[in-house]
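Undergrad: Structure file start-v1.cif (mmCIF, C-alpha atoms) is given on the next line.
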data_target
#
loop_
_atom_site.label_atom_id
_atom_site.label_comp_id
_atom_site.auth_asym_id
_atom_site.auth_seq_id
_atom_site.Cartn_x
_atom_site.Cartn_y
_atom_site.Cartn_z
CA MET A 4 -24.50 -39.20 -93.21
CA SER A 5 -27.74 -39.76 -95.10
CA LYS A 6 -30.14 -42.69 -94.84
CA ALA A 7 -31.30 -45.10 -97.53
CA ASP A 8 -34.99 -45.02 -98.41
CA VAL A 9 -36.71 -48.30 -99.26
CA LEU A 10 -39.49 -48.89 -101.77
CA LEU A 11 -41.30 -52.23 -101.72
CA GLY A 12 -44.58 -54.00 -102.46
CA LEU A 13 -47.14 -54.67 -99.72
CA GLN A 14 -49.21 -57.35 -101.47
CA TRP A 15 -48.34 -60.37 -103.64
CA GLY A 16 -46.17 -58.43 -106.07
CA ASP A 17 -47.20 -56.65 -109.30
CA GLU A 18 -48.07 -53.49 -107.35
CA GLY A 19 -46.34 -51.10 -109.78
CA LYS A 20 -42.95 -50.64 -108.11
CA GLY A 21 -41.12 -50.07 -111.42
CA LYS A 22 -43.24 -47.07 -112.36
CA ILE A 23 -42.83 -45.36 -108.99
CA VAL A 24 -39.07 -46.00 -108.79
CA ASP A 25 -38.79 -44.34 -112.22
CA VAL A 26 -40.90 -41.39 -111.00
CA LEU A 27 -38.82 -40.97 -107.80
CA THR A 28 -35.38 -41.54 -109.39
CA PRO A 29 -34.67 -37.81 -110.05
CA GLN A 30 -34.58 -37.31 -106.24
CA TYR A 31 -31.85 -39.97 -105.77
CA ASP A 32 -28.22 -40.63 -106.74
CA LEU A 33 -28.27 -44.44 -106.59
CA ILE A 34 -31.09 -46.94 -107.20
CA ALA A 35 -30.19 -50.33 -105.74
CA ARG A 36 -32.16 -53.56 -106.26
CA PHE A 37 -31.79 -55.69 -103.10
CA GLN A 38 -33.39 -59.14 -103.65
CA GLY A 39 -35.14 -61.53 -106.01
CA GLY A 40 -34.24 -62.54 -109.51
CA PRO A 41 -35.59 -62.34 -113.04
CA ASN A 42 -39.00 -63.55 -111.78
CA ALA A 43 -39.63 -59.83 -111.20
CA GLY A 44 -41.32 -57.88 -113.98
CA HIS A 45 -41.17 -54.16 -113.32
CA SER A 46 -43.22 -52.29 -115.95
CA LEU A 47 -42.63 -48.65 -116.83
CA GLU A 48 -44.51 -46.58 -119.37
CA PHE A 49 -43.59 -43.18 -120.76
CA GLU A 50 -43.67 -41.37 -124.11
CA GLY A 51 -46.08 -44.02 -125.40
CA THR A 52 -43.68 -46.95 -124.86
CA LYS A 53 -43.90 -49.76 -122.30
CA HIS A 54 -40.67 -51.16 -120.86
CA VAL A 55 -40.37 -54.29 -118.70
CA LEU A 56 -37.30 -54.83 -116.51
CA HIS A 57 -36.51 -58.15 -114.80
CA THR A 58 -33.11 -57.65 -113.12
CA ILE A 59 -32.01 -54.10 -113.87
CA PRO A 60 -33.16 -51.43 -111.37
CA SER A 61 -35.97 -49.16 -112.57
CA GLY A 62 -33.84 -46.00 -112.43
CA ILE A 63 -31.94 -47.04 -115.56
CA PHE A 64 -33.77 -44.59 -117.87
CA HIS A 65 -32.16 -41.64 -116.07
CA ALA A 66 -28.65 -41.48 -117.56
CA ASP A 67 -27.24 -39.32 -114.76
CA LYS A 68 -28.19 -41.81 -111.99
CA GLN A 69 -26.29 -44.93 -110.92
CA ASN A 70 -28.09 -48.29 -110.72
CA LEU A 71 -26.86 -51.26 -108.70
CA ILE A 72 -27.81 -54.94 -108.80
CA GLY A 73 -27.15 -55.76 -105.13
CA ASN A 74 -25.70 -58.81 -103.42
CA GLY A 75 -29.16 -60.13 -102.45
CA VAL A 76 -30.18 -60.56 -106.11
CA VAL A 77 -29.74 -63.77 -108.13
CA ILE A 78 -28.74 -63.14 -111.75
CA ASP A 79 -29.26 -65.11 -114.93
CA PRO A 80 -26.69 -63.59 -117.35
CA ILE A 81 -28.80 -64.70 -120.36
CA ILE A 82 -31.88 -62.76 -119.20
CA LEU A 83 -29.76 -59.78 -118.12
CA ASN A 84 -28.14 -59.75 -121.56
CA ARG A 85 -31.48 -59.65 -123.33
CA GLU A 86 -32.51 -56.77 -121.11
CA VAL A 87 -29.34 -54.84 -121.91
CA GLU A 88 -29.85 -55.45 -125.66
CA LYS A 89 -33.49 -54.27 -125.52
CA LEU A 90 -32.42 -51.11 -123.72
CA LEU A 91 -29.68 -50.48 -126.30
CA GLU A 92 -32.28 -50.75 -129.08
CA LYS A 93 -34.19 -47.97 -127.31
CA GLY A 94 -31.09 -45.80 -127.03
CA VAL A 95 -30.27 -46.60 -123.39
CA ASP A 96 -26.59 -47.48 -122.91
CA VAL A 97 -26.21 -49.17 -119.51
CA SER A 98 -22.40 -49.39 -119.62
CA LYS A 99 -22.04 -46.10 -117.73
CA ASN A 100 -24.76 -46.36 -115.08
CA LEU A 101 -25.26 -50.06 -114.24
CA LEU A 102 -23.12 -51.77 -111.59
CA VAL A 103 -23.23 -55.40 -110.42
CA SER A 104 -22.35 -56.65 -106.93
CA ARG A 105 -19.61 -59.28 -106.84
CA LYS A 106 -21.52 -60.99 -104.02
CA ALA A 107 -24.70 -61.55 -106.08
CA HIS A 108 -25.29 -65.22 -106.97
CA LEU A 109 -25.50 -66.59 -110.52
CA ILE A 110 -28.33 -68.74 -111.87
CA LEU A 111 -26.81 -71.68 -113.78
CA PRO A 112 -28.55 -73.58 -116.60
CA THR A 113 -28.87 -76.57 -114.25
CA HIS A 114 -30.67 -74.38 -111.69
CA ARG A 115 -33.39 -73.84 -114.30
CA ILE A 116 -33.57 -77.57 -115.03
CA LEU A 117 -33.81 -78.35 -111.30
CA ASP A 118 -36.62 -75.82 -110.96
CA ALA A 119 -38.61 -77.43 -113.78
CA ALA A 120 -37.92 -80.98 -112.49
CA SER A 121 -39.00 -80.06 -108.95
CA GLU A 122 -42.19 -78.30 -110.11
CA ALA A 123 -43.10 -81.20 -112.46
CA SER A 124 -42.73 -83.70 -109.59
CA LYS A 125 -45.22 -81.80 -107.41
CA GLY A 126 -48.22 -82.44 -109.65
CA LEU A 127 -51.29 -80.68 -108.26
CA SER A 128 -49.41 -79.16 -105.29
CA LYS A 129 -47.30 -76.89 -107.51
CA ILE A 130 -46.33 -73.54 -105.93
CA GLY A 131 -46.54 -71.70 -109.25
CA SER A 132 -42.81 -71.18 -109.84
CA THR A 133 -41.79 -68.98 -112.79
CA LEU A 134 -39.25 -71.76 -113.63
CA LYS A 135 -36.39 -69.26 -113.81
CA GLY A 136 -34.14 -71.31 -111.47
CA ILE A 137 -34.48 -68.83 -108.62
CA GLY A 138 -35.49 -71.24 -105.81
CA PRO A 139 -32.63 -73.71 -106.54
CA THR A 140 -30.13 -70.79 -106.73
CA TYR A 141 -31.15 -69.49 -103.30
CA MET A 142 -30.99 -73.09 -101.99
CA ASP A 143 -27.38 -73.31 -103.18
CA LYS A 144 -26.69 -69.91 -101.61
CA THR A 145 -27.92 -71.01 -98.17
CA GLY A 146 -26.38 -74.44 -98.68
CA ARG A 147 -23.03 -72.69 -99.29
CA ASN A 148 -22.57 -74.19 -102.74
CA GLY A 149 -23.43 -71.14 -104.83
CA ILE A 150 -21.40 -69.42 -107.51
CA ARG A 151 -21.16 -65.65 -107.17
CA VAL A 152 -20.51 -62.93 -109.72
CA GLY A 153 -17.01 -62.36 -108.27
CA ASP A 154 -16.13 -66.02 -108.93
CA THR A 155 -16.20 -65.32 -112.69
CA GLU A 156 -13.07 -63.17 -112.17
CA LEU A 157 -11.14 -66.00 -110.44
CA PRO A 158 -8.81 -68.51 -112.17
CA ASP A 159 -10.70 -71.58 -110.85
CA PHE A 160 -14.14 -70.39 -112.03
CA LYS A 161 -14.55 -73.19 -114.60
CA ASP A 162 -13.75 -75.85 -111.95
CA LYS A 163 -16.31 -74.36 -109.54
CA TYR A 164 -18.89 -74.31 -112.31
CA GLU A 165 -18.32 -77.93 -113.33
CA PHE A 166 -18.39 -79.16 -109.74
CA LEU A 167 -21.79 -77.54 -109.08
CA ARG A 168 -23.20 -78.56 -112.48
CA ASN A 169 -22.30 -82.22 -111.87
CA LYS A 170 -23.86 -82.09 -108.41
CA HIS A 171 -27.07 -80.72 -109.99
CA LEU A 172 -27.12 -83.44 -112.66
CA GLU A 173 -27.09 -86.12 -109.95
CA LEU A 174 -30.12 -84.44 -108.32
CA ILE A 175 -31.92 -84.17 -111.66
CA ARG A 176 -31.45 -87.94 -112.16
CA LEU A 177 -33.30 -88.53 -108.87
CA TYR A 178 -36.29 -86.63 -110.30
CA ASP A 179 -36.19 -88.88 -113.38
CA TYR A 180 -36.45 -85.73 -115.51
CA SER A 181 -34.96 -85.56 -119.02
CA ASP A 182 -36.82 -82.78 -120.83
CA PHE A 183 -33.79 -80.51 -121.48
CA ASP A 184 -30.82 -79.93 -123.79
CA LEU A 185 -27.95 -79.01 -121.47
CA ASP A 186 -25.33 -78.52 -124.22
CA LYS A 187 -27.47 -75.90 -125.91
CA MET A 188 -28.30 -74.19 -122.60
CA GLU A 189 -24.65 -74.10 -121.54
CA GLN A 190 -23.51 -72.72 -124.88
CA GLU A 191 -25.95 -69.81 -124.58
CA TRP A 192 -25.03 -69.25 -120.91
CA PHE A 193 -21.26 -69.01 -121.54
CA GLU A 194 -21.84 -66.76 -124.57
CA SER A 195 -23.91 -64.39 -122.44
CA LEU A 196 -21.24 -64.44 -119.74
CA LYS A 197 -18.81 -62.76 -122.18
CA VAL A 198 -21.15 -59.77 -122.45
CA PHE A 199 -22.03 -59.88 -118.73
CA ASN A 200 -18.33 -59.71 -117.83
CA ARG A 201 -18.06 -56.33 -119.54
CA LEU A 202 -20.41 -54.77 -116.95
CA PRO A 203 -18.57 -53.08 -114.05
CA LYS A 204 -18.39 -55.30 -110.94
CA VAL A 205 -18.22 -53.67 -107.49
CA ASP A 206 -17.93 -54.52 -103.81
CA SER A 207 -21.42 -53.15 -103.39
CA GLU A 208 -21.65 -52.89 -99.59
CA HIS A 209 -18.70 -50.44 -99.64
CA LEU A 210 -20.20 -48.53 -102.56
CA VAL A 211 -23.64 -48.10 -100.91
CA ASN A 212 -22.19 -47.03 -97.56
CA THR A 213 -19.78 -44.60 -99.25
CA TYR A 214 -22.78 -42.98 -100.96
CA LEU A 215 -24.51 -42.62 -97.57
CA GLN A 216 -21.36 -41.26 -95.88
CA GLN A 217 -21.10 -38.64 -98.64
CA ASP A 218 -24.73 -37.60 -97.96
CA LYS A 219 -25.86 -38.90 -101.33
CA LYS A 220 -29.37 -40.28 -101.68
CA VAL A 221 -29.95 -44.02 -102.07
CA LEU A 222 -33.24 -45.75 -102.95
CA ALA A 223 -33.43 -49.50 -102.30
CA GLU A 224 -35.81 -51.17 -104.77
CA GLY A 225 -37.61 -54.35 -103.77
CA ALA A 226 -39.08 -57.03 -106.04
CA GLN A 227 -42.15 -59.30 -105.56
CA GLY A 228 -44.21 -58.31 -102.48
CA THR A 229 -44.35 -58.60 -98.68
CA LEU A 230 -46.90 -61.44 -98.75
CA LEU A 231 -44.40 -63.48 -100.81
CA ASP A 232 -41.59 -63.06 -98.24
CA ILE A 233 -39.87 -66.37 -97.38
CA ASP A 234 -40.43 -65.78 -93.63
CA PHE A 235 -43.57 -63.64 -93.41
CA GLY A 236 -45.47 -64.48 -96.59
CA SER A 237 -48.16 -67.12 -97.23
CA TYR A 238 -45.65 -69.99 -96.88
CA PRO A 239 -45.00 -72.28 -98.78
CA PHE A 240 -46.55 -70.23 -101.62
CA VAL A 241 -43.79 -67.63 -101.41
CA THR A 242 -40.61 -66.56 -103.17
CA SER A 243 -37.13 -67.60 -101.99
CA SER A 244 -35.89 -64.31 -100.56
CA ASN A 245 -36.76 -61.64 -97.97
CA THR A 246 -38.90 -59.12 -99.81
CA ILE A 247 -39.36 -56.88 -96.74
CA THR A 248 -37.39 -53.86 -95.44
CA ALA A 249 -35.04 -56.18 -93.52
CA GLY A 250 -34.09 -57.67 -96.90
CA ALA A 251 -32.68 -54.28 -97.93
CA CYS A 252 -30.25 -54.50 -94.98
CA THR A 253 -28.99 -57.97 -95.90
CA GLY A 254 -29.38 -57.50 -99.67
CA LEU A 255 -27.25 -54.34 -99.80
CA GLY A 256 -25.20 -54.32 -96.60
CA ILE A 257 -27.00 -51.39 -94.94
CA ALA A 258 -27.26 -51.24 -91.13
CA PRO A 259 -30.85 -51.10 -89.76
CA ASN A 260 -30.27 -47.60 -88.33
CA ARG A 261 -29.37 -46.39 -91.83
CA ILE A 262 -32.91 -46.98 -93.16
CA GLY A 263 -34.88 -43.75 -93.74
CA GLU A 264 -38.31 -43.54 -95.37
CA VAL A 265 -40.11 -46.78 -96.22
CA PHE A 266 -42.44 -46.38 -99.20
CA GLY A 267 -45.05 -49.14 -99.29
CA ILE A 268 -46.83 -49.69 -102.62
CA PHE A 269 -50.25 -51.31 -102.90
CA LYS A 270 -52.94 -51.57 -105.55
CA ALA A 271 -56.39 -50.10 -104.89
CA TYR A 272 -57.52 -53.74 -105.07
CA CYS A 273 -55.62 -57.06 -104.82
CA THR A 274 -54.05 -59.47 -107.32
CA ARG A 275 -52.04 -62.64 -107.08
CA VAL A 276 -50.19 -64.79 -109.64
CA GLY A 277 -49.73 -68.52 -109.09
CA SER A 278 -51.00 -70.72 -106.29
CA GLY A 279 -51.61 -69.86 -102.64
CA PRO A 280 -54.22 -68.35 -100.32
CA PHE A 281 -56.03 -65.16 -101.35
CA PRO A 282 -58.87 -64.30 -98.88
CA THR A 283 -60.62 -61.62 -101.00
CA GLU A 284 -60.32 -63.39 -104.38
CA LEU A 285 -63.34 -62.91 -106.66
CA TYR A 286 -64.34 -65.85 -108.84
CA ASP A 287 -67.24 -64.00 -110.48
CA GLU A 288 -67.71 -61.45 -113.24
CA THR A 289 -66.50 -58.67 -110.89
CA GLY A 290 -63.14 -60.44 -110.65
CA GLU A 291 -63.04 -60.82 -114.43
CA LYS A 292 -63.96 -57.13 -114.86
CA LEU A 293 -61.04 -56.12 -112.58
CA ARG A 294 -58.71 -58.36 -114.61
CA GLN A 295 -59.76 -56.92 -117.98
CA ILE A 296 -59.84 -53.23 -116.98
CA GLY A 297 -56.57 -53.53 -115.03
CA ARG A 298 -54.89 -55.62 -117.79
CA GLU A 299 -53.96 -58.07 -115.05
CA PHE A 300 -51.63 -60.45 -116.87
CA GLY A 301 -48.11 -61.15 -115.59
CA SER A 302 -45.36 -58.99 -117.16
CA THR A 303 -42.88 -61.87 -116.78
CA THR A 304 -45.09 -64.90 -117.46
CA GLY A 305 -48.20 -63.48 -119.16
CA ARG A 306 -50.30 -65.55 -116.74
CA PRO A 307 -53.75 -64.12 -115.88
CA ARG A 308 -53.65 -62.70 -112.37
CA ARG A 309 -56.24 -63.66 -109.77
CA CYS A 310 -58.17 -60.53 -108.69
CA GLY A 311 -60.06 -59.44 -105.59
CA TRP A 312 -61.03 -56.51 -103.38
CA LEU A 313 -58.55 -54.63 -101.18
CA ASP A 314 -57.59 -56.63 -98.07
CA LEU A 315 -56.86 -54.33 -95.11
CA PRO A 316 -55.86 -56.97 -92.50
CA SER A 317 -53.05 -58.12 -94.82
CA LEU A 318 -52.16 -54.50 -95.67
CA ARG A 319 -51.88 -53.59 -91.96
CA TYR A 320 -49.69 -56.67 -91.47
CA ALA A 321 -47.38 -55.62 -94.32
CA ILE A 322 -47.16 -52.06 -92.95
CA MET A 323 -46.19 -53.43 -89.52
CA ILE A 324 -43.53 -55.86 -90.80
CA ASN A 325 -41.89 -53.20 -93.00
CA GLY A 326 -42.20 -50.10 -90.80
CA VAL A 327 -43.92 -48.27 -93.68
CA THR A 328 -43.85 -44.47 -93.34
CA GLN A 329 -45.61 -43.51 -96.61
CA LEU A 330 -48.14 -45.36 -98.73
CA ILE A 331 -48.45 -45.23 -102.51
CA MET A 332 -51.75 -46.37 -104.04
CA MET A 333 -51.58 -47.73 -107.58
CA LYS A 334 -54.16 -48.44 -110.28
CA SER A 335 -56.81 -46.24 -108.66
CA ASP A 336 -58.30 -45.63 -112.12
CA VAL A 337 -59.18 -49.34 -112.53
CA LEU A 338 -61.98 -48.97 -109.94
CA SER A 339 -63.62 -46.03 -111.79
CA ASP A 340 -66.32 -48.20 -113.37
CA PHE A 341 -67.83 -49.75 -110.20
CA ASP A 342 -71.04 -48.54 -108.51
CA THR A 343 -69.84 -49.78 -105.14
CA ILE A 344 -66.40 -50.86 -104.03
CA LYS A 345 -65.83 -53.37 -101.27
CA VAL A 346 -62.97 -53.30 -98.79
CA CYS A 347 -62.16 -56.21 -96.47
CA THR A 348 -61.72 -54.78 -92.95
CA SER A 349 -61.55 -58.04 -90.96
CA TYR A 350 -61.89 -61.82 -91.33
CA ARG A 351 -64.19 -64.41 -89.84
CA TYR A 352 -61.69 -67.19 -89.12
CA ASN A 353 -63.01 -70.54 -87.88
CA GLY A 354 -66.07 -68.68 -86.57
CA GLU A 355 -64.08 -65.98 -84.76
CA LEU A 356 -63.80 -62.31 -85.84
CA ILE A 357 -60.12 -61.25 -86.29
CA ASP A 358 -58.39 -58.25 -87.90
CA TYR A 359 -54.95 -59.79 -88.53
CA LEU A 360 -53.38 -62.47 -90.74
CA PRO A 361 -53.54 -65.86 -88.96
CA TYR A 362 -50.71 -68.41 -89.15
CA ASP A 363 -52.68 -70.95 -91.16
CA LEU A 364 -54.47 -69.51 -94.17
CA LEU A 365 -54.91 -72.88 -95.85
CA SER A 366 -56.79 -75.38 -93.67
CA GLY A 367 -58.67 -72.84 -91.54
CA LYS A 368 -61.90 -71.39 -92.93
CA ILE A 369 -61.31 -67.71 -93.64
CA GLU A 370 -64.12 -65.41 -94.75
CA PRO A 371 -63.55 -61.71 -95.53
CA ILE A 372 -65.84 -59.17 -93.82
CA TYR A 373 -66.49 -56.25 -96.18
CA THR A 374 -67.35 -52.58 -95.87
CA GLU A 375 -69.05 -51.13 -98.95
CA ILE A 376 -68.00 -47.73 -100.25
CA LYS A 377 -69.78 -45.69 -102.92
CA GLY A 378 -67.91 -45.71 -106.25
CA TRP A 379 -67.00 -42.52 -108.14
CA LYS A 380 -68.09 -43.65 -111.63
CA THR A 381 -65.82 -41.03 -113.25
CA ASP A 382 -62.67 -41.48 -115.33
CA ILE A 383 -59.86 -40.17 -113.10
CA SER A 384 -56.99 -41.10 -115.44
CA THR A 385 -56.77 -37.53 -116.81
CA CYS A 386 -56.75 -35.82 -113.39
CA LYS A 387 -53.55 -33.83 -112.82
CA ASN A 388 -53.94 -32.93 -109.14
CA SER A 389 -56.02 -33.97 -106.13
CA HIS A 390 -58.40 -30.97 -106.51
CA GLU A 391 -59.70 -32.58 -109.73
CA LEU A 392 -60.47 -35.92 -108.06
CA PRO A 393 -64.10 -36.81 -107.24
CA LEU A 394 -65.19 -36.66 -103.60
CA GLU A 395 -66.14 -40.38 -103.56
CA PHE A 396 -62.59 -41.30 -104.60
CA LEU A 397 -61.07 -39.06 -101.91
CA ASN A 398 -63.44 -40.73 -99.40
CA TYR A 399 -62.01 -44.12 -100.45
CA VAL A 400 -58.45 -42.84 -99.92
CA GLN A 401 -59.37 -41.34 -96.53
CA PHE A 402 -61.11 -44.55 -95.42
CA ILE A 403 -57.94 -46.58 -96.11
CA GLU A 404 -55.71 -44.03 -94.34
CA GLN A 405 -57.93 -44.11 -91.23
CA GLN A 406 -57.95 -47.92 -91.20
CA VAL A 407 -54.15 -48.37 -91.53
CA ASN A 408 -52.96 -45.16 -89.85
CA VAL A 409 -50.34 -44.28 -92.50
CA PRO A 410 -50.67 -41.43 -95.04
CA ILE A 411 -51.12 -42.16 -98.75
CA THR A 412 -48.69 -39.63 -100.26
CA ILE A 413 -48.71 -40.72 -103.93
CA LEU A 414 -51.66 -41.75 -106.12
CA SER A 415 -51.29 -43.40 -109.51
CA VAL A 416 -54.20 -42.95 -111.93
CA GLY A 417 -52.73 -44.66 -115.01
CA PRO A 418 -49.68 -46.57 -116.30
CA ASP A 419 -47.73 -43.59 -117.66
CA ARG A 420 -45.16 -41.85 -115.46
CA SER A 421 -47.11 -38.59 -115.98
CA GLN A 422 -50.26 -40.13 -114.42
CA THR A 423 -48.87 -39.76 -110.90
CA MET A 424 -50.06 -37.40 -108.19
CA PHE A 425 -48.12 -36.28 -105.10
CA ARG A 426 -50.36 -35.32 -102.18
#
Show the structure stored in the file as C-alpha cells.
TA:
Amino acid sequence: MSKADVLLGLQWGDEGKGKIVDVLTPQYDLIARFQGGPNAGHSLEFEGTKHVLHTIPSGIFHADKQNLIGNGVVIDPIILNREVEKLLEKGVDVSKNLLVSRKAHLILPTHRILDAASEASKGLSKIGSTLKGIGPTYMDKTGRNGIRVGDTELPDFKDKYEFLRNKHLELIRLYDYSDFDLDKMEQEWFESLKVFNRLPKVDSEHLVNTYLQQDKKVLAEGAQGTLLDIDFGSYPFVTSSNTITAGACTGLGIAPNRIGEVFGIFKAYCTRVGSGPFPTELYDETGEKLRQIGREFGSTTGRPRRCGWLDLPSLRYAIMINGVTQLIMMKSDVLSDFDTIKVCTSYRYNGELIDYLPYDLLSGKIEPIYTEIKGWKTDISTCKNSHELPLEFLNYVQFIEQQVNVPITILSVGPDRSQTMFR
C-alpha cells in the first residue's frame, strides 16, 4: 500500500503551489485538492500562456492523470463553471479527468451576501476577506447546516436549499445590508448547477484509499498557506480551513500513517495579501522593488501584495507543524537585483530575543533581527541546472537549509514550468 504525498504552502499563501503541482504531476496518478475554496489562485505558466485555477487541482493539464476536488473543499458552482469553460477554450476537456467529492460543501449565493455584509460591518477591523462566501460556508459546515454536493442528487434538494437561504436572509437583515440582487444571483447559480451536475461525483474517501491500496501515487494539493491556518495561523487574520498537513487527512479521508513525503513551498522572500501581522514587512522602496520585480498582485483579487524579507522563525514553525520532509524555494530569480539580501533569523519580542512565533503577534512589539547575505547580482532565470547558479545564490540556499534543518530539493527560477531545478 502506497502513501499519499502532501504539497502545501509554508507562508501566507501565493507561494507558487500550482506551478510545482503541475511540474510534479507526471510522477502521480491522482492529484487531490483537500481544503479551501475559490479564494485560492493557483497560477501555472507554460508554452507562453498563464493559467489561473481557483478550485480545480493543478494537475488538470495532464490528460492521463485524475484530479479530485476533495471533501474538505467548498465549491461555488458558478466559479467552477467559468474555470471549466476557460479550460475548454484552451483545449482541455475536464469531463474525463475531474472528479468531485459528494461530501464537499456548496457555496450558496446567500453565503456570498453574508460574507460582504459581515466584512462591511467590521469597518476598519476588516480581515481582508476575498468576499467569495467561504467563511460563511465553513460556518454552516461546522454548524451542521451546510449543503453538500451529494445533496444535489437527492429529491429534497430544493427544500434544503430554500430552508438555508431563508435562514441566511434573516441574518442579512440583522446586518442591515441591502446591496445585492438575490434573484439575479440565484438564477446564475441554478444555471451553473446544471453544468456542474454533469461532472462525475464520487465518494472520495473510498476512491483515494483504493488508489493507495492499489499502490498508485496520490498527491494532496493544499491551498492558501500554513500561516493562514484556522488553528495555527495569525488568528483572526486567517482562512476558514486547516491548510496544514493534518487538513489533508480530514479533507480527503486519509489516515495519518498514510502520509508520505511532505513538500513545503516557500518564496525566497515573504508576501501577504489582506490584513494581519507580518513581522518582516518592508514599507520602503525595497518592498516596492520586490513587489514590482515579483509581479506581486493577487491572482484571485488583483490586490497588491505586501512584501518583506524571508522570515525564518515563521518558516521553522511551519516546517514543525506540517512535518515537512522536503523544501521547495520559489521566485529565487526575484532577488537577483539586490546587492545584499536580509534574512530574519530571530525576533526581539517585548525586549526579549526569541526564535519562534509568539502567541500574540498584534499587541506585543515584535522586531525582526536580520542577517545580511551578499546578493548574486546575476540573472538566474535562464539557468538550467545547479552548476550554472552563482556561488552567492548557493550560499543563500545553504544558509536557509542550515537554519531550518530540511533540504531544499527544488528551486524555481521563473514562472514557466521549464524554469524548475531538481537538486
Undergrad: Using Å and a single decimal, report how far CA of Gly236 in chain A sits from CA of Leu338 in chain A.
TA: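 Separating CA of Leu338 in chain A from CA of Gly236 in chain A is a distance of 26.3 Å.
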Undergrad: Quick one, how far is CA of Val265 in chain A from CA of Phe235 in chain A?
TA: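 Interatomic distance here is 17.4 Å.
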Undergrad: If we count only C-alpha atoms and set the cut-off at 8 Å, which residues sit around range 412-414 of chain A, ignoring sequence neighbours fewer than 6 positions away in its own chain? Please answer as a PyMOL selection string.
TA: chain A and resi 329-333+335+423-426
Undergrad: Neighbours of Asn245 in chain A within 12 Å (all atoms listed in the file; same-chain residues fewer than 6 positions away dropped), as a count of residues only?
TA: 27
Undergrad: In Å, how far is it from CA of Ser421 in chain A to CA of Arg306 in chain A?
TA: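 Taking CA of Ser421 in chain A as the start and CA of Arg306 in chain A as the end point, the length is 27.2 Å.
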Undergrad: Counting all atoms listed in the file, select every polymer residue within 12 Å of (-29.3, -42.2, -115.5) as defined in the file's coordinates, and provide the selection as a list of chain:residue names.
TA: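 Within the cut-off we find A:Asp25, A:Thr28, A:Pro29, A:Gln30, A:Tyr31, A:Asp32, A:Leu33, A:Ile34, A:Pro60, A:Ser61, A:Gly62, A:Ile63, A:Phe64, A:His65, A:Ala66, A:Asp67, A:Lys68, A:Gln69, A:Asn70, A:Leu71, A:Val95, A:Asp96, A:Val97, A:Ser98, A:Lys99, A:Asn100, A:Leu101.
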Undergrad: Report as a count of residues only all protein, DNA and RNA residues lying within 8 Å of Asp218 in chain A, evaluated on only C-alpha atoms, omitting residues in the same chain fewer than 3 positions from it.
TA: 4
Undergrad: I would like the residues chosen by the PyMOL selection byres ((chain A and resi 272-277) around 6) on the shown file; could you give them as a PyMOL selection string?
TA: chain A and resi 15+131+270-271+278+308-313
Undergrad: Just the selected residues (C-alpha atoms), exported as a PDB file, keeping the file's coordinate frame, please.
TA:
ATOM      1  CA  TRP A  15     -48.340 -60.370-103.640  1.00  0.00           C
ATOM      2  CA  GLY A 131     -46.540 -71.700-109.250  1.00  0.00           C
ATOM      3  CA  LYS A 270     -52.940 -51.570-105.550  1.00  0.00           C
ATOM      4  CA  ALA A 271     -56.390 -50.100-104.890  1.00  0.00           C
ATOM      5  CA  SER A 278     -51.000 -70.720-106.290  1.00  0.00           C
ATOM      6  CA  ARG A 308     -53.650 -62.700-112.370  1.00  0.00           C
ATOM      7  CA  ARG A 309     -56.240 -63.660-109.770  1.00  0.00           C
ATOM      8  CA  CYS A 310     -58.170 -60.530-108.690  1.00  0.00           C
ATOM      9  CA  GLY A 311     -60.060 -59.440-105.590  1.00  0.00           C
ATOM     10  CA  TRP A 312     -61.030 -56.510-103.380  1.00  0.00           C
ATOM     11  CA  LEU A 313     -58.550 -54.630-101.180  1.00  0.00           C
TER      12      LEU A 313
END
Undergrad: With all atoms of range 235-252 of chain A from the file as input, state the centre and edge lengths in Å to one decimal of the axis-aligned box that has 6 Å extra on each side, as JSON.
TA:
{"center_x": -39.2, "center_y": -63.1, "center_z": -98.3, "size_x": 29.9, "size_y": 30.4, "size_z": 21.8}
Undergrad: Running the PyMOL selection byres ((chain A and resi 10) around 9) on this model by hand, what would come out? Give it as a PDB file with C-alpha atoms, in the frame of the given file.
TA:
ATOM      1  CA  ASP A   8     -34.990 -45.020 -98.410  1.00  0.00           C
ATOM      2  CA  VAL A   9     -36.710 -48.300 -99.260  1.00  0.00           C
ATOM      3  CA  LEU A  11     -41.300 -52.230-101.720  1.00  0.00           C
ATOM      4  CA  GLY A  12     -44.580 -54.000-102.460  1.00  0.00           C
ATOM      5  CA  LYS A  20     -42.950 -50.640-108.110  1.00  0.00           C
ATOM      6  CA  ILE A  23     -42.830 -45.360-108.990  1.00  0.00           C
ATOM      7  CA  VAL A  24     -39.070 -46.000-108.790  1.00  0.00           C
ATOM      8  CA  LEU A 222     -33.240 -45.750-102.950  1.00  0.00           C
ATOM      9  CA  ALA A 223     -33.430 -49.500-102.300  1.00  0.00           C
ATOM     10  CA  GLU A 224     -35.810 -51.170-104.770  1.00  0.00           C
ATOM     11  CA  GLY A 225     -37.610 -54.350-103.770  1.00  0.00           C
ATOM     12  CA  THR A 248     -37.390 -53.860 -95.440  1.00  0.00           C
ATOM     13  CA  GLU A 264     -38.310 -43.540 -95.370  1.00  0.00           C
ATOM     14  CA  VAL A 265     -40.110 -46.780 -96.220  1.00  0.00           C
ATOM     15  CA  PHE A 266     -42.440 -46.380 -99.200  1.00  0.00           C
ATOM     16  CA  GLY A 267     -45.050 -49.140 -99.290  1.00  0.00           C
ATOM     17  CA  ILE A 268     -46.830 -49.690-102.620  1.00  0.00           C
TER      18      ILE A 268
END
Undergrad: Need the neighbours of (-17.8, -62.4, -115.0): which residues are at most 10 Å away, counting all atoms listed in the file, as a list in words?
TA: Pro80, Val103, Arg105, Leu109, Arg151, Val152, Gly153, Asp154, Thr155, Glu156, Leu157, Phe160, Phe193, Ser195, Leu196, Lys197, Val198, Phe199, Asn200, Arg201, Leu202, Pro203 and Lys204 of chain A
Undergrad: Which one is closest to Gly146 in chain A: A:Leu315, A:Leu167, A:Val346, A:Ile376? Count only C-alpha atoms.
TA: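 Ranking A:Leu315, A:Leu167, A:Val346, A:Ile376 by distance to Gly146 in chain A, first place goes to A:Leu167.
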Undergrad: Would you kindly return, as a list in words, each protein, DNA or RNA residue with an atom no farther than 12 Å from any atom of range 353-358 of chain A, considering all atoms listed in the file and excluding same-chain residues fewer than 6 positions away?
TA: Asp314, Leu315, Pro316, Ser317, Leu318, Arg319, Tyr320, Cys347, Leu364, Leu365, Ser366, Gly367, Lys368, Ile369, Glu370, Pro371, Ile372, Tyr373, Gln406 and Val407 of chain A
